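What follows is the content of query.cif, which has mmCIF, C-alpha atoms:
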```cif
data_my_file
loop_
_atom_site.label_atom_id
_atom_site.label_comp_id
_atom_site.auth_asym_id
_atom_site.auth_seq_id
_atom_site.Cartn_x
_atom_site.Cartn_y
_atom_site.Cartn_z
CA MET Z 1 26.57 30.57 3.91
CA MET Z 2 30.08 29.17 4.28
CA LEU Z 3 30.37 25.47 3.88
CA SER Z 4 33.01 23.27 5.38
CA SER Z 5 33.16 21.26 2.18
CA PRO Z 6 33.31 22.74 -1.29
CA ASP Z 7 32.36 19.46 -2.93
CA LEU Z 8 28.68 19.09 -1.95
CA MET Z 9 26.22 21.92 -2.41
CA CYS Z 10 22.92 22.25 -0.52
CA ARG Z 11 21.02 21.48 -3.72
CA GLU Z 12 22.84 18.13 -3.97
CA ALA Z 13 22.70 17.45 -0.24
CA VAL Z 14 18.88 17.49 -0.14
CA GLU Z 15 18.81 14.90 -2.93
CA LEU Z 16 20.74 12.45 -0.73
CA MET Z 17 18.72 12.78 2.45
CA SER Z 18 16.02 10.18 1.89
CA ASP Z 19 18.66 7.58 1.01
CA TYR Z 20 20.71 8.72 4.01
CA LEU Z 21 17.76 8.04 6.29
CA GLU Z 22 17.23 4.69 4.56
CA GLY Z 23 20.87 3.82 5.29
CA SER Z 24 21.39 3.14 1.61
CA LEU Z 25 24.02 5.73 0.71
CA SER Z 26 27.47 4.59 -0.30
CA ARG Z 27 30.08 5.18 2.35
CA ARG Z 28 31.59 7.94 0.25
CA ASP Z 29 28.30 9.80 -0.19
CA ARG Z 30 27.44 9.36 3.47
CA ARG Z 31 30.75 10.94 4.46
CA ARG Z 32 30.28 13.80 2.00
CA LEU Z 33 26.77 14.45 3.32
CA GLU Z 34 27.78 14.29 6.97
CA LYS Z 35 30.65 16.66 6.29
CA HIS Z 36 28.24 19.04 4.59
CA LEU Z 37 25.69 18.78 7.40
CA ALA Z 38 28.35 19.55 10.01
CA GLY Z 39 28.84 22.95 8.40
CA CYS Z 40 25.31 23.72 7.20
CA PRO Z 41 22.56 24.42 9.75
CA LEU Z 42 19.98 24.93 6.99
CA CYS Z 43 20.49 21.46 5.54
CA THR Z 44 20.59 20.06 9.08
CA SER Z 45 17.21 21.66 9.67
CA TYR Z 46 15.94 20.23 6.35
CA LEU Z 47 17.09 16.76 7.37
CA GLU Z 48 15.28 17.09 10.70
CA GLN Z 49 12.12 18.06 8.82
CA MET Z 50 12.47 14.95 6.67
CA ARG Z 51 12.71 12.88 9.85
CA LEU Z 52 9.62 14.56 11.27
CA THR Z 53 7.73 14.01 8.02
CA ILE Z 54 8.57 10.31 8.05
CA ALA Z 55 7.70 9.99 11.75
CA ALA Z 56 4.37 11.71 11.11
CA SER Z 57 3.69 9.36 8.16
CA GLY Z 58 4.12 6.43 10.53
CA SER Z 59 1.44 7.92 12.76
CA VAL Z 60 -1.13 8.39 10.00
CA THR Z 61 -4.18 6.36 10.88
CA PRO Z 62 -6.53 5.02 8.22
CA ALA Z 63 -9.30 7.28 7.00
CA ASP Z 64 -12.73 6.46 8.39
CA LEU Z 65 -14.61 4.04 6.19
CA GLU Z 66 -17.78 5.15 4.52
CA PRO Z 67 -20.69 3.27 6.14
CA GLU Z 68 -21.92 1.94 2.76
CA VAL Z 69 -18.50 0.48 1.97
CA LEU Z 70 -18.42 -1.26 5.33
CA ASP Z 71 -22.01 -2.51 4.99
CA ASP Z 72 -21.21 -4.02 1.58
CA LEU Z 73 -18.12 -5.76 2.94
CA VAL Z 74 -19.96 -7.11 5.97
CA GLU Z 75 -22.61 -8.54 3.67
CA LEU Z 76 -19.88 -10.17 1.56
CA PHE Z 77 -18.26 -11.52 4.71
CA HIS Z 78 -21.42 -13.40 5.66
CA ARG Z 79 -22.20 -14.49 2.10
CA TYR Z 80 -18.77 -15.94 1.38
CA ARG Z 81 -18.35 -17.51 4.77
CA GLU Z 82 -21.60 -19.37 4.37
CA SER Z 83 -20.91 -20.51 0.82
CA PRO Z 84 -17.19 -20.16 0.17
CA ASP Z 85 -17.44 -21.66 -3.33
CA ASP Z 86 -19.96 -19.09 -4.48
CA THR Z 87 -18.42 -16.80 -7.07
CA MET W 1 -5.01 -6.33 18.88
CA GLU W 2 -2.55 -7.95 16.49
CA ASP W 3 -3.58 -8.69 12.91
CA LEU W 4 -3.12 -12.43 13.40
CA GLU W 5 -5.43 -12.51 16.40
CA LEU W 6 -8.04 -10.67 14.38
CA LEU W 7 -7.56 -13.09 11.51
CA ALA W 8 -8.08 -16.05 13.85
CA GLN W 9 -11.25 -14.51 15.26
CA MET W 10 -12.44 -13.71 11.79
CA LEU W 11 -11.93 -17.35 10.80
CA GLY W 12 -14.20 -18.21 13.68
CA GLY W 13 -16.89 -16.04 12.12
CA ASP W 14 -16.35 -12.87 14.12
CA GLU W 15 -17.69 -9.98 12.06
CA LYS W 16 -16.12 -7.36 14.31
CA ALA W 17 -12.65 -8.83 13.78
CA PHE W 18 -13.24 -8.65 10.03
CA THR W 19 -14.41 -5.03 10.14
CA GLU W 20 -11.40 -4.09 12.26
CA LEU W 21 -9.04 -5.52 9.61
CA VAL W 22 -10.99 -3.67 6.94
CA ALA W 23 -10.72 -0.44 8.94
CA ARG W 24 -6.98 -0.93 9.26
CA TYR W 25 -6.15 -1.67 5.68
CA ASN W 26 -8.88 -0.71 3.23
CA SER W 27 -7.57 2.80 2.59
CA THR W 28 -4.06 1.49 1.89
CA LEU W 29 -5.47 -1.18 -0.42
CA ILE W 30 -7.32 1.46 -2.44
CA ARG W 31 -4.28 3.72 -2.57
CA VAL W 32 -1.98 0.95 -3.80
CA ALA W 33 -4.57 -0.35 -6.27
CA ARG W 34 -4.81 3.13 -7.74
CA TYR W 35 -1.21 2.75 -8.91
CA TYR W 36 -2.36 0.02 -11.28
CA VAL W 37 -5.93 0.87 -12.26
CA GLY W 38 -7.43 3.85 -14.00
CA SER W 39 -10.05 5.16 -11.58
CA ASP W 40 -10.97 5.39 -7.91
CA ALA W 41 -14.07 3.25 -8.55
CA SER W 42 -11.95 0.53 -10.12
CA ALA W 43 -9.50 0.69 -7.18
CA GLU W 44 -12.39 0.29 -4.72
CA ASP W 45 -13.61 -2.76 -6.65
CA VAL W 46 -10.14 -4.30 -6.51
CA ALA W 47 -9.99 -3.70 -2.75
CA GLN W 48 -13.37 -5.36 -2.35
CA GLU W 49 -12.26 -8.38 -4.42
CA THR W 50 -9.19 -8.61 -2.21
CA TRP W 51 -11.35 -8.87 0.90
CA ILE W 52 -13.45 -11.55 -0.76
CA ALA W 53 -10.24 -13.47 -1.47
CA VAL W 54 -9.27 -13.08 2.18
CA ILE W 55 -12.67 -14.32 3.39
CA ARG W 56 -12.56 -17.29 1.06
CA GLY W 57 -8.89 -18.09 1.31
CA VAL W 58 -7.76 -17.23 4.80
CA SER W 59 -6.81 -20.83 5.40
CA SER W 60 -4.11 -20.43 2.74
CA PHE W 61 -2.29 -17.85 4.83
CA GLU W 62 0.69 -19.84 6.02
CA GLY W 63 2.38 -17.25 8.18
CA ARG W 64 5.49 -17.05 6.02
CA SER W 65 5.04 -13.30 5.76
CA THR W 66 3.15 -10.85 7.91
CA PHE W 67 -0.59 -10.67 7.39
CA LYS W 68 -0.35 -7.26 5.79
CA THR W 69 2.35 -8.27 3.30
CA TRP W 70 0.21 -11.27 2.32
CA LEU W 71 -2.83 -9.01 1.99
CA PHE W 72 -0.95 -6.50 -0.17
CA HIS W 73 0.27 -9.31 -2.44
CA ILE W 74 -3.30 -10.45 -3.06
CA LEU W 75 -4.25 -6.86 -3.81
CA VAL W 76 -1.37 -6.22 -6.19
CA ASN W 77 -2.00 -9.43 -8.16
CA ARG W 78 -5.62 -8.44 -8.67
CA ALA W 79 -4.91 -4.79 -9.38
CA ARG W 80 -2.26 -5.74 -11.91
CA SER W 81 -4.61 -7.98 -13.85
CA VAL W 82 -7.41 -5.40 -13.81
CA GLY W 83 -4.92 -2.72 -14.88
CA SER W 84 -3.75 -4.84 -17.79
CA ARG W 85 -7.38 -5.47 -18.85
CA GLU W 86 -7.83 -1.69 -18.80
CA HIS W 87 -4.65 -1.41 -20.91
CA ARG W 88 -3.35 1.02 -18.37
CA MET W 89 0.28 1.98 -18.71
CA ILE W 90 2.03 2.27 -15.38
CA ALA W 91 4.05 5.45 -15.65
CA VAL W 92 7.10 5.92 -13.51
CA ASP W 93 8.50 9.06 -15.03
CA PRO W 94 12.17 9.40 -14.12
CA ASN W 95 11.98 13.14 -14.82
CA GLU W 96 9.02 13.70 -12.57
CA SER W 97 9.57 16.72 -10.35
CA SER W 98 10.57 16.00 -6.78
CA GLY W 99 8.61 18.90 -5.34
CA LEU W 100 11.45 21.15 -4.31
CA ALA W 101 11.55 24.17 -6.62
CA PRO W 102 14.99 24.74 -8.19
CA SER W 103 14.51 28.45 -7.40
CA ARG W 104 15.02 27.60 -3.72
CA PHE W 105 18.76 27.46 -4.50
CA ASP W 106 21.10 30.08 -5.91
CA GLN W 107 23.38 29.53 -8.87
CA GLY W 108 26.06 28.13 -6.62
CA GLY W 109 23.61 25.50 -5.33
CA MET W 110 23.15 26.99 -1.87
CA TRP W 111 19.87 27.88 -0.21
CA ARG W 112 18.37 31.07 -1.55
CA GLU W 113 15.04 30.44 0.19
CA PRO W 114 15.86 28.34 3.27
CA PRO W 115 13.56 25.72 4.77
CA VAL W 116 10.73 27.24 6.83
CA PRO W 117 11.04 25.94 10.40
CA PHE W 118 8.51 23.35 11.56
CA THR W 119 7.37 24.79 14.86
CA ASP W 120 5.06 23.30 17.50
CA VAL W 121 5.02 19.84 15.98
CA ILE W 122 6.48 17.86 18.89
CA GLU W 123 4.62 17.08 22.10
CA ASN W 124 6.11 14.83 24.76
CA GLY W 125 8.78 13.70 22.34
CA MET W 126 6.21 12.64 19.72
CA VAL W 127 4.93 14.28 16.55
CA ASN W 128 1.55 15.87 17.24
CA GLN W 129 -1.76 15.42 15.42
CA ARG W 130 -1.41 18.68 13.57
CA ILE W 131 1.60 17.57 11.53
CA VAL W 132 0.16 14.05 11.16
CA GLN W 133 -2.95 15.59 9.60
CA LEU W 134 -0.87 17.75 7.24
CA VAL W 135 1.19 14.74 6.20
CA ARG W 136 -1.94 12.64 5.63
CA GLU W 137 -3.34 15.31 3.29
CA ALA W 138 -0.01 15.72 1.51
CA ILE W 139 0.30 11.96 0.87
CA SER W 140 -3.20 11.86 -0.61
CA LEU W 141 -2.13 14.50 -3.15
CA LEU W 142 0.96 12.63 -4.39
CA PRO W 143 1.04 11.14 -7.90
CA GLU W 144 0.04 7.45 -7.78
CA PRO W 145 3.49 5.82 -7.84
CA GLN W 146 4.76 8.05 -5.03
CA GLN W 147 1.54 7.58 -3.11
CA ALA W 148 1.83 3.80 -3.30
CA VAL W 149 5.50 3.72 -2.31
CA VAL W 150 5.26 6.28 0.51
CA THR W 151 2.14 4.60 1.91
CA LEU W 152 3.72 1.15 1.92
CA ARG W 153 7.11 2.28 3.22
CA ASP W 154 6.39 5.14 5.62
CA VAL W 155 2.77 4.60 6.65
CA GLU W 156 2.64 0.79 6.73
CA GLY W 157 6.29 0.33 7.61
CA LEU W 158 7.27 -2.27 4.99
CA SER W 159 10.98 -2.34 4.16
CA THR W 160 12.08 -0.73 0.91
CA LYS W 161 12.94 -4.20 -0.40
CA GLU W 162 9.45 -5.49 0.41
CA VAL W 163 7.93 -2.47 -1.34
CA ALA W 164 10.13 -2.99 -4.39
CA ASP W 165 9.27 -6.73 -4.55
CA LEU W 166 5.58 -6.05 -4.15
CA LEU W 167 5.41 -3.41 -6.86
CA GLU W 168 7.95 -5.19 -9.10
CA LEU W 169 10.35 -2.27 -9.04
CA SER W 170 14.10 -2.37 -8.64
CA GLU W 171 15.14 -1.29 -5.15
CA ALA W 172 16.98 1.66 -6.68
CA ASN W 173 13.84 2.75 -8.48
CA ALA W 174 11.71 2.33 -5.36
CA ARG W 175 14.16 4.52 -3.45
CA VAL W 176 14.02 7.24 -6.11
CA ILE W 177 10.21 7.26 -6.00
CA LEU W 178 10.31 7.26 -2.19
CA HIS W 179 12.74 10.19 -2.20
CA ARG W 180 10.50 12.19 -4.53
CA GLY W 181 7.39 11.41 -2.54
CA ARG W 182 8.96 12.32 0.81
CA THR W 183 10.42 15.50 -0.68
CA ARG W 184 7.02 16.53 -1.95
CA VAL W 185 5.26 15.71 1.34
CA ARG W 186 7.80 17.72 3.31
CA ALA W 187 7.47 20.65 0.88
CA ASP W 188 3.68 20.52 1.16
CA VAL W 189 3.81 20.55 4.96
CA GLU W 190 6.31 23.41 4.79
CA SER W 191 4.01 25.51 2.60
CA LYS W 192 1.16 24.97 5.09
CA MET W 193 3.46 26.06 7.92
CA LYS W 194 4.32 29.16 5.91
CA GLU W 195 0.65 29.98 5.29
CA ARG W 196 0.04 29.84 9.01
CA GLU W 197 2.87 32.26 9.69
CA THR W 198 1.75 34.87 7.20
#
```
Since I need it in another form, could you write the structure as structure tokens?
Amino acid sequence: MMLSSPDLMCREAVELMSDYLEGSLSRRDRRRLEKHLAGCPLCTSYLEQMRLTIAASGSVTPADLEPEVLDDLVELFHRYRESPDDT
Amino acid sequence: MEDLELLAQMLGGDEKAFTELVARYNSTLIRVARYYVGSDASAEDVAQETWIAVIRGVSSFEGRSTFKTWLFHILVNRARSVGSREHRMIAVDPNESSGLAPSRFDQGGMWREPPVPFTDVIENGMVNQRIVQLVREAISLLPEPQQAVVTLRDVEGLSTKEVADLLELSEANARVILHRGRTRVRADVESKMKERET
């Protein structure tokens, strides 16, 4: 694949993407990455997948609690509420 | 319902409000504790101790941080002291693999094996349950440091600075761990997408 910039390879570009999405790249690296992305549909697709992965992480709901774990905690809730100094 | 409303109801003795908070955060507490302690059982104990501290000390929550940040601080303090009693070394290996095989690139550093497209993952402008489920599984398979950082940053939505402060990492280090974790999660989802296609 032809790149518009000879100074950033795909292998390096993928290493910058998490920081790019965090907004923590230096201005220079951000420019280099954006220049690379403008000429590289594969890295653009990779970046989009990173975005989707992060969006999906934000939609992960907690695993269901095991009933025994919840029962134990409910018992502790009542015990410690009634006698908060109990250890 | 907001965490703080639940906390207020819990203070009034409402068991349901307490169990709702537990349902929201217990799995994250265990995951983060696992970064510090040597076994799942030990992590579960630390999570339970954290809830006891919440029940006994809720009045000390002064609203200077969000409820969840306060909760995670209690957890980390306890997990750290249990971890040090267990003489557990917290390993953050700078050479740990990021999950993207070097063979994906040719000698010139360009894609040899390009990313497999993520298809059918968006519905009505939102990610669908299928990819959410794949991501959930992938996160649970991450090494502990990555699991803790990705869970706090991307699942719970803390800022990278808050994550770094909580886990006593430099921000730069937290970002490196986050990068590796995200890379691995994406690669794991990609390999599942590939399996489906073949």
Wanna dump the chain W-chain Z contacts at 7 Å for me, each residue with its shortest atom pair and the distance in Å to one decimal, counting only C-alpha atoms, ordered by chain and number, as CSV?
```
residue,atom,partner,partner_atom,distance
W:Ala23,CA,Z:Leu65,CA,6.5
W:Arg24,CA,Z:Pro62,CA,6.1
W:Ser27,CA,Z:Pro62,CA,6.1
W:Ile52,CA,Z:Leu76,CA,7.0
W:Ile55,CA,Z:Phe77,CA,6.4
W:Arg56,CA,Z:Pro84,CA,5.5
W:Phe105,CA,Z:Arg11,CA,6.4
W:Gly109,CA,Z:Arg11,CA,5.0
W:Met110,CA,Z:Cys10,CA,4.9
W:Trp111,CA,Z:Cys10,CA,6.4
W:Pro114,CA,Z:Leu42,CA,6.5
W:Pro115,CA,Z:Tyr46,CA,6.2
W:Phe118,CA,Z:Gln49,CA,7.0
W:Val127,CA,Z:Ala56,CA,6.0
W:Ile131,CA,Z:Ala56,CA,6.5
W:Val132,CA,Z:Ala56,CA,4.8
W:Val135,CA,Z:Ser57,CA,6.2
W:Arg136,CA,Z:Val60,CA,6.1
W:Asp154,CA,Z:Gly58,CA,5.6
W:Val155,CA,Z:Gly58,CA,4.5
W:Glu156,CA,Z:Gly58,CA,7.0
W:His179,CA,Z:Ser18,CA,5.2
W:Arg186,CA,Z:Thr53,CA,6.0
```
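Here CA of Gln129 (chain W) and CA of Gln146 (chain W) stand 22.7 Å from one another.
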* **Å distance separating CA of Thr119 (chain W) from CA of Ser103 (chain W), one decimal place** => 23.7 Å
